[in-house]
Structures are given as structure tokens and as C-alpha cells.
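Novice: Got a structure here, written out as C-alpha cells. Questions coming.
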Amino acid sequence: MDKSLLSFESREELIEYFIKEYSLNEQPITVSFRELFPELNRIDRYSHLIHTYPAKLLVHIPYFFLNNSFFTRAGDNVLDPFCGTGTVLLESMLAGRNAIGADANPLARLISKVKTKRLQVGQLRISLIRILEVARVVNRTEIPNVVNRDYWFSENIQRDLGRIQYAIAELTECEEQDFFNVCFSNCIKKVSYADQNISVPVKINPHRFEVGSDRRLQAEKKLMDLELIDVFAKFETVCQENIRRISRLEELDSNVDCQIVSSDARKLTRCINQSELLQDESVDFILTSPPYAGAQKYIRSSSLNLGWLELTGDGGLTSLDRQNIGRENYRASELQKIKTGIPSADTLLEEIFEINFKRAFIVANYLNEMKAALSESWRVLKSESYMVIVIGNNKVCGQEFNTQEYITEYLEQIGAELKFKLIDDIKSYGLMTKRNKTADIISREWVLVFKKNNNA
């Protein structure tokens with residue numbers, strides 16, 4: 001990153017610089033949001049860390065775009081149609097903006113809801129005492145039918161988790177139940193046989209590592225610790241930490257709020273599970289990081305949590321997965337040669353269909369579903385307002401899949417004006433997509449800034 005970017009006195013001036021610089025040569029500008037805001041590095045900021053989740057958006061990005069008067073002002077409505085666990089939503093509220101979110105994963109929606117909710121901290125502490133009292137003495141509990149439950153959890157841990165879940169269900173306040181269910185969910189993987197260093201559930205196996213190596217010793221220690229772990233103490237620790245985090249939300253402007261309005265970015269409704277659509281041109285600003293083309297198995301990553309919280313619904317994990325844009329699991333009967341209407345993408349897809357028909361269909365269908373979601377976001381965005389998209393490219397069958405360029409082409413087709421592009425390197429492996437030579441690892445994020453003009 002050009003160190004001169006650190007010299008601007010205000011974010012408004014820096015934004016104006018980005019616009020002017022990009023207009024001169026239409027070349028993306030390299031930035032490091034971590035260097036721009038080093039004070040945000042490695043801090044437990046408000047309630048962001050109440051629950052783990054794969055591929056979270058770097059908090060520095062919404063912090064930059066929301067804390068200025070160029071894109072939004074206090075009291076404006078900010079939409080994230082792929083909100084995940086609510087990074088943009090919380091940062092919107094911290095900046096004095098109202099937040100609107102949507103996401104296909106019910107676990108993500110629950111975390112976002114709790115993360116942005118002001119709760120009575122004193123009552124949470126009282127309820128925690130009550131939960132632990134009940135959980136420690138209850139004898140009979142009904143344990144959810146989690147897929148491969150015995151493979152992932154010891155019998156004793158299953159029993160104790162069931163007791164905690166029973167005690168949470170005894171609470172009478174729904175918002176308190178939601179809070180403690182998020183805390184409960186955040187314990188699930190910690191007390192399972194799943195390797196916490198891998199986003200999707202993979203069982204700890206010391207034999208994968210060389211005898212005497214540090215990684216083998218760590219894996220063996222983890223398995224030994226699980227035999228002795230106090231599930232109640234682990235739950236209490238997580239709850240106490242999250243109560244402390246939630247207490248910080250007392251600083252929020254009481255006039256701003258957050259709503260989770262939809263489970264589908266392609267159909268933004270006024271309220272969750274209702275059919276009435278969000279009004280045209282009702283949103284002042286959109287900031288989102290959409291799913292990547294086959295980049296992250298969000299439902300599979302959340303499978304143990306979804307099972308214990310009984311959020312899978314009647315159709316189970318497969319049904320939930322089919323609601324996600326960027327999914328990889330399709331029936332053979334669904335596979336067909338399709339086009340996207342994005343010239344540069346269709347040219348590449350012609351090649352990929354010859355190499356790997358299924359992989360080509362997956363990424364082509366991803367783009368078509370993304371087009372529907374982007375059009376819906378464009379519908380609700382006010383004229384003269386901005387949309388910021390954080391996205392990355394990856395490789396498909398050895399070919400560069402230039403997602404950011406395809407999204408840019410489509411939005412320009414529907415009248416968006418590209419104001420500037422930024423590039424920031426990713427310092428995390430949370431977006432790993434490597435799979436048997438058909439994909440690669442995402443290593444950079446593109447930040448695309450569009451404006452909706454009056455004639456759009």
C-alpha cells in the first residue's frame with residue numbers, strides 16, 4: 001500500500017482521492033485496511049466475537065465505509081443482503097445507522113440478531129445462574145437427533161449438552177433464550193471431536209501427524225482433555241465473556257436499530273418469513289460481502305450447531321444447503337449447459353464446460369443467482385446512493401474465475417456507475433477453496449464501489 005494514503009486528514013478526502021485516482025486510469029488501487037486502522041487489529045470489539053464463523057468480513061472495511069459523511073449520514077438505512085453473523089450490521093449501528101440484514105443460514109441470522117440486541121446484563125447474569133443450577137440437577141433430557149452424533153461427541157458430553165439445552169428452554173424470555181442459545185452453540189465445536197482449526201467438521205486424528213511432532217502432541221492432548229472436560233464450566237465461561245461483550249452495546253445510540261428481514265438475498269422482504277417485499281428505493285447504502293463461487297461450505301461448517309439448535313427444519317441440512325448461493329451440491333438431473341449473459345464469463349465457461357461439466361455448471365449457476373440478488377439489492381437502493389461489494393476471485397479447473405469483473409460487468413449492464421476499485425490482501429485462510437485441482441485459494445479481496453444515478 002502507498003504509505004501516502006495514511007496522510008489524509010479525513011476519510012472523506014481519502015474517498016475523493018480514490019474516485020479521482022481511479023478515473024484517471026481505471027486501475028484498482030492497492031490498500032491495506034489493517035494499516036489504515038491498526039487500532040482495530042486483534043481487539044475484541046463490542047460483540048463481534050460472540051460466536052465463531054468461517055470467512056468473516058474484516059471489520060476494518062465496514063468501519064471505513066460507514067464512519068464518514070460521504071456514503072451515509074446518521075439515521076440512514078444500511079443493508080447487507082449477505083449479512084452472515086452481522087459484522088456490517090453491528091458496525092452500522094456503532095456508526096449511528098440503522099441496519100438491515102438477510103442471510104440463508106439460520107445460525108448466522110440468530111448470531112446477527114443476538115449480536116445487535118441490547119439486553120439487560122444484570123438479568124442475563126441471574127438467568128445464567130439459574131440455567132447452571134437446573135442443568136446440574138436435571139436427570140432426563142431429550143437430545144436432538146444431530147447427524148452422526150456419536151461420532152462427534154462422547155456420551156458424557158452429549159448428556160451434559162442436553163442438560164444445558166433443557167435448562168435454556170426453561171427460560172421464559174425469547175431474547176434471553178436466543179442469547180444463551182448462541183453461547184451454547186459456540187461451545188459445540190469446542191467440546192466435540194472436530195478439529196477447531198478446520199472450518200468444516202473434520203475429526204481430530206493424531207495419526208495424521210508424525211510421531212513426536214508438535215501437531216500430533218497437540219491432537220493427543222485435545223483428545224485427552226475432552227475425556228475430562230467440564231461442559232458446564234466451558235458454557236459458563238463462554239456466557240460470561242459474551243455478557244461482557246453485550247454490555248458494551250449500552251453505548252449504542254438508542255435511536256438506531258437492526259432488523260433481519262429475509263432468508264434470501266434474491267427476495268428482500270419487510271420481515272423474516274413474510275412475503276411483502278422491502279419497498280423500492282428504501283435503502284440509503286449497501287455494503288456486503290457475497291458468497292464466493294463454491295468457496296465456503298457454510299451449512300456444512302455449521303452442521304453440528306444447526307443440529308443441536310434444531311435449526312435444520314424438516315428438509316434437514318440438504319434443504320438448507322440448497323437455499324445458499326454458491327453451493328456445490330446438485331442433482332445430476334439439474335446439470336445443464338447454461339449461459340449467464342455476462343460476455344467475459346460466458347467465454348470462459350465455454351472452456352470450463354469442456355473440462356469439467358459439473359464445475360462449469362456450479363459457477364455459471366452461481367453467477368445467475370448472484371445476478372438475481374444484485375438486481376434485488378439495486379431495486380431497494382435509493383437513487384444517488386452507493387453499493388459496496390467485497391468479493392474475491394478464484395480458480396476453476398485451473399482457469400482464473402474473475403468474479404469481481406463479472407459482477408462489475410453485470411452491474412454496469414443494469415446502469416450502475418463504477419466509481420473505484422480497491423484491492424486488499426487477505427491475511428487469513430478462512431476462505432480456503434482448494435479442492436483436487438478444480439479450484440484454488442482466494443488470496444485477495446476486491447472492494448467495488450458503485451453509484452446508482454438518477455437515470456439508473
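Labels for the C-alpha cells follow display order: chains A, B, ..., residues from 1 in each chain, ligands from 1.
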Considering only C-alpha atoms, tabulate each residue of range 94-201 of chain A that lies at most 10 Å from range 53-59 of chain A along with its nearest interatomic pair and the corresponding distance in Å to one decimal; arrange the rows by chain and ascending residue number and present them as a Markdown table.
Specialist:
| residue | atom | partner | partner_atom | distance |
| --- | --- | --- | --- | --- |
| A:Leu107 | CA | A:Tyr53 | CA | 9.6 |
| A:Ala108 | CA | A:Tyr53 | CA | 8.2 |
| A:Ile111 | CA | A:Tyr53 | CA | 9.6 |
| A:Asn186 | CA | A:Tyr53 | CA | 9.4 |
| A:Ile198 | CA | A:Pro54 | CA | 9.3 |
| A:Ser199 | CA | A:Pro54 | CA | 6.1 |
| A:Val200 | CA | A:Pro54 | CA | 8.8 |
Novice: Excluding range 279-286 of chain A and its own-chain neighbours fewer than 6 positions away, which residues fall within 8 Å of it when counting only C-alpha atoms? Please give them as JSON, numbers by chain.
Specialist: {"A": [71, 72, 76, 77, 78, 79, 80, 270, 377, 379, 380, 381, 382, 383, 385, 386, 387, 388]}
Novice: Would you please extract all alpha helix (DSSP H) residues from range 272-408 of chain A, as assigned by DSSP on the backbone, and give them as a ChimeraX atom specification?
Specialist: /A:298-301,303-308,316-322,343-355,357-380,403-408
Novice: Apply DSSP to the backbone of this structure and, from range 47-251 of chain A, keep only the residues in strand (DSSP E or B); write these as a list in words.
Specialist: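 So, restricting range 47-251 of chain A to strand (DSSP E or B), we get Asn77, Val78, Leu79, Asp80, Asn98, Ala99, Ile100, Gly101, Ala102, Ala194 and Lys203 of chain A.
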Novice: Write out as a list in words each polymer residue whose atoms come within 10 Å of Leu367 in chain A, counting only C-alpha atoms; drop sequence neighbours fewer than 5 positions from it.
Specialist: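 Final neighbour list, sorted by chain and number: Tyr292, Ala293, Ile325, Gly326, Lys339, Thr340, Gly341, Ile342, Ala345, Phe361, Ile362, Ala372, Ala373, Thr403, Tyr406, Ile407 and Tyr410 of chain A.
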Novice: Output N, CA, C and O atoms for every residue in that selection, as an mmCIF file, in the first residue's frame.
Specialist:
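The resulting file, selection17.cif, is reproduced below:
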data_model
loop_
_atom_site.group_PDB
_atom_site.id
_atom_site.type_symbol
_atom_site.label_atom_id
_atom_site.label_comp_id
_atom_site.auth_asym_id
_atom_site.auth_seq_id
_atom_site.Cartn_x
_atom_site.Cartn_y
_atom_site.Cartn_z
ATOM 1 N N TYR A 292 -18.612 -16.604 -2.228
ATOM 2 C CA TYR A 292 -17.754 -16.830 -3.379
ATOM 3 C C TYR A 292 -18.251 -18.054 -4.147
ATOM 4 O O TYR A 292 -19.025 -18.849 -3.622
ATOM 5 N N ALA A 293 -17.804 -18.203 -5.351
ATOM 6 C CA ALA A 293 -18.239 -19.335 -6.182
ATOM 7 C C ALA A 293 -17.663 -20.636 -5.624
ATOM 8 O O ALA A 293 -16.520 -20.986 -5.874
ATOM 9 N N ILE A 325 -26.614 -19.469 -2.144
ATOM 10 C CA ILE A 325 -25.925 -19.120 -3.376
ATOM 11 C C ILE A 325 -24.460 -19.495 -3.224
ATOM 12 O O ILE A 325 -23.837 -19.201 -2.206
ATOM 13 N N GLY A 326 -23.908 -20.149 -4.250
ATOM 14 C CA GLY A 326 -22.525 -20.600 -4.183
ATOM 15 C C GLY A 326 -22.383 -22.040 -3.735
ATOM 16 O O GLY A 326 -21.263 -22.519 -3.554
ATOM 17 N N LYS A 339 -25.889 -20.295 -19.820
ATOM 18 C CA LYS A 339 -25.164 -19.046 -20.019
ATOM 19 C C LYS A 339 -25.569 -18.046 -18.951
ATOM 20 O O LYS A 339 -26.613 -18.189 -18.318
ATOM 21 N N THR A 340 -24.744 -17.016 -18.783
ATOM 22 C CA THR A 340 -25.009 -16.005 -17.759
ATOM 23 C C THR A 340 -25.414 -14.657 -18.341
ATOM 24 O O THR A 340 -25.925 -13.806 -17.612
ATOM 25 N N GLY A 341 -25.156 -14.453 -19.617
ATOM 26 C CA GLY A 341 -25.418 -13.141 -20.199
ATOM 27 C C GLY A 341 -24.326 -12.129 -19.894
ATOM 28 O O GLY A 341 -24.435 -10.958 -20.242
ATOM 29 N N ILE A 342 -23.271 -12.590 -19.255
ATOM 30 C CA ILE A 342 -22.093 -11.744 -18.990
ATOM 31 C C ILE A 342 -21.011 -12.201 -19.970
ATOM 32 O O ILE A 342 -20.455 -13.298 -19.818
ATOM 33 N N ALA A 345 -17.664 -13.811 -18.846
ATOM 34 C CA ALA A 345 -17.878 -15.043 -18.085
ATOM 35 C C ALA A 345 -18.275 -16.183 -19.021
ATOM 36 O O ALA A 345 -17.770 -17.313 -18.893
ATOM 37 N N PHE A 361 -21.091 -25.818 -14.493
ATOM 38 C CA PHE A 361 -22.481 -25.514 -14.139
ATOM 39 C C PHE A 361 -22.560 -24.820 -12.784
ATOM 40 O O PHE A 361 -23.320 -23.865 -12.603
ATOM 41 N N ILE A 362 -21.774 -25.293 -11.822
ATOM 42 C CA ILE A 362 -21.797 -24.714 -10.470
ATOM 43 C C ILE A 362 -21.486 -23.224 -10.521
ATOM 44 O O ILE A 362 -22.209 -22.412 -9.937
ATOM 45 N N ALA A 372 -29.500 -12.262 -9.777
ATOM 46 C CA ALA A 372 -30.819 -12.045 -9.182
ATOM 47 C C ALA A 372 -30.711 -11.299 -7.861
ATOM 48 O O ALA A 372 -31.503 -10.390 -7.573
ATOM 49 N N ALA A 373 -29.708 -11.656 -7.053
ATOM 50 C CA ALA A 373 -29.527 -10.993 -5.760
ATOM 51 C C ALA A 373 -29.083 -9.543 -5.940
ATOM 52 O O ALA A 373 -29.565 -8.643 -5.241
ATOM 53 N N THR A 403 -14.383 -13.221 -10.664
ATOM 54 C CA THR A 403 -15.708 -12.895 -10.136
ATOM 55 C C THR A 403 -15.953 -11.394 -10.062
ATOM 56 O O THR A 403 -17.029 -10.911 -10.424
ATOM 57 N N TYR A 406 -16.886 -10.041 -13.416
ATOM 58 C CA TYR A 406 -18.202 -10.458 -13.885
ATOM 59 C C TYR A 406 -19.296 -9.665 -13.169
ATOM 60 O O TYR A 406 -20.290 -9.244 -13.787
ATOM 61 N N ILE A 407 -19.116 -9.460 -11.857
ATOM 62 C CA ILE A 407 -20.089 -8.671 -11.097
ATOM 63 C C ILE A 407 -20.110 -7.227 -11.605
ATOM 64 O O ILE A 407 -21.171 -6.617 -11.759
ATOM 65 N N TYR A 410 -21.979 -7.045 -14.923
ATOM 66 C CA TYR A 410 -23.430 -7.146 -14.789
ATOM 67 C C TYR A 410 -24.028 -5.863 -14.218
ATOM 68 O O TYR A 410 -25.049 -5.358 -14.725
#
Novice: Need to verify the contact set: Val261 in chain A, 8 Å, only C-alpha atoms, exclusion of same-chain residues closer than 4 positions in sequence. Can you return it as a list in words?
Specialist: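 Returned residues: Ile100, Gly101, Ala102, Leu268, Thr269, Arg270, Cys271 and Ile272 of chain A.
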Novice: My list of candidates is A:Arg215, A:Lys20, A:Arg140, A:Arg109. Which is closest to Pro81 in chain A when distances are computed with only C-alpha atoms?
Specialist: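 Closest candidate: A:Arg109.
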Novice: For each of A:Ile243, A:Thr237, A:Lys221, A:Thr141, take the minimum atom-to-atom distance to Gln123 in chain A, counting only C-alpha atoms, then give the residue where this is smallest.
Specialist: A:Ile243
Novice: With a distance cut-off of 9 Å and only C-alpha atoms, select the neighbouring residues of Asp425 in chain A, excluding the residue or stretch itself and same-chain residues fewer than 3 positions from it, and output the selection as a ChimeraX atom specification.
Specialist: /A:30-32,443-446
Novice: Include N, CA and C atoms and write out the residues we just selected as an mmCIF file, in the first residue's frame.
Specialist:
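To be explicit, this is the file written out as result_38.cif:
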data_model
loop_
_atom_site.group_PDB
_atom_site.id
_atom_site.type_symbol
_atom_site.label_atom_id
_atom_site.label_comp_id
_atom_site.auth_asym_id
_atom_site.auth_seq_id
_atom_site.Cartn_x
_atom_site.Cartn_y
_atom_site.Cartn_z
ATOM 1 N N THR A 30 -4.364 -0.343 -4.621
ATOM 2 C CA THR A 30 -3.986 -1.274 -3.555
ATOM 3 C C THR A 30 -4.044 -0.572 -2.202
ATOM 4 N N VAL A 31 -4.745 -1.179 -1.277
ATOM 5 C CA VAL A 31 -4.834 -0.646 0.077
ATOM 6 C C VAL A 31 -4.610 -1.777 1.080
ATOM 7 N N SER A 32 -4.351 -1.398 2.295
ATOM 8 C CA SER A 32 -4.353 -2.347 3.414
ATOM 9 C C SER A 32 -5.217 -1.735 4.498
ATOM 10 N N SER A 443 -6.765 -15.257 -2.357
ATOM 11 C CA SER A 443 -5.693 -14.573 -1.633
ATOM 12 C C SER A 443 -5.863 -13.060 -1.600
ATOM 13 N N ARG A 444 -6.840 -12.506 -2.324
ATOM 14 C CA ARG A 444 -7.037 -11.064 -2.337
ATOM 15 C C ARG A 444 -8.532 -10.768 -2.341
ATOM 16 N N GLU A 445 -8.874 -9.659 -1.733
ATOM 17 C CA GLU A 445 -10.248 -9.189 -1.774
ATOM 18 C C GLU A 445 -10.323 -7.922 -2.614
ATOM 19 N N TRP A 446 -11.345 -7.863 -3.444
ATOM 20 C CA TRP A 446 -11.633 -6.685 -4.236
ATOM 21 C C TRP A 446 -12.781 -5.935 -3.580
#
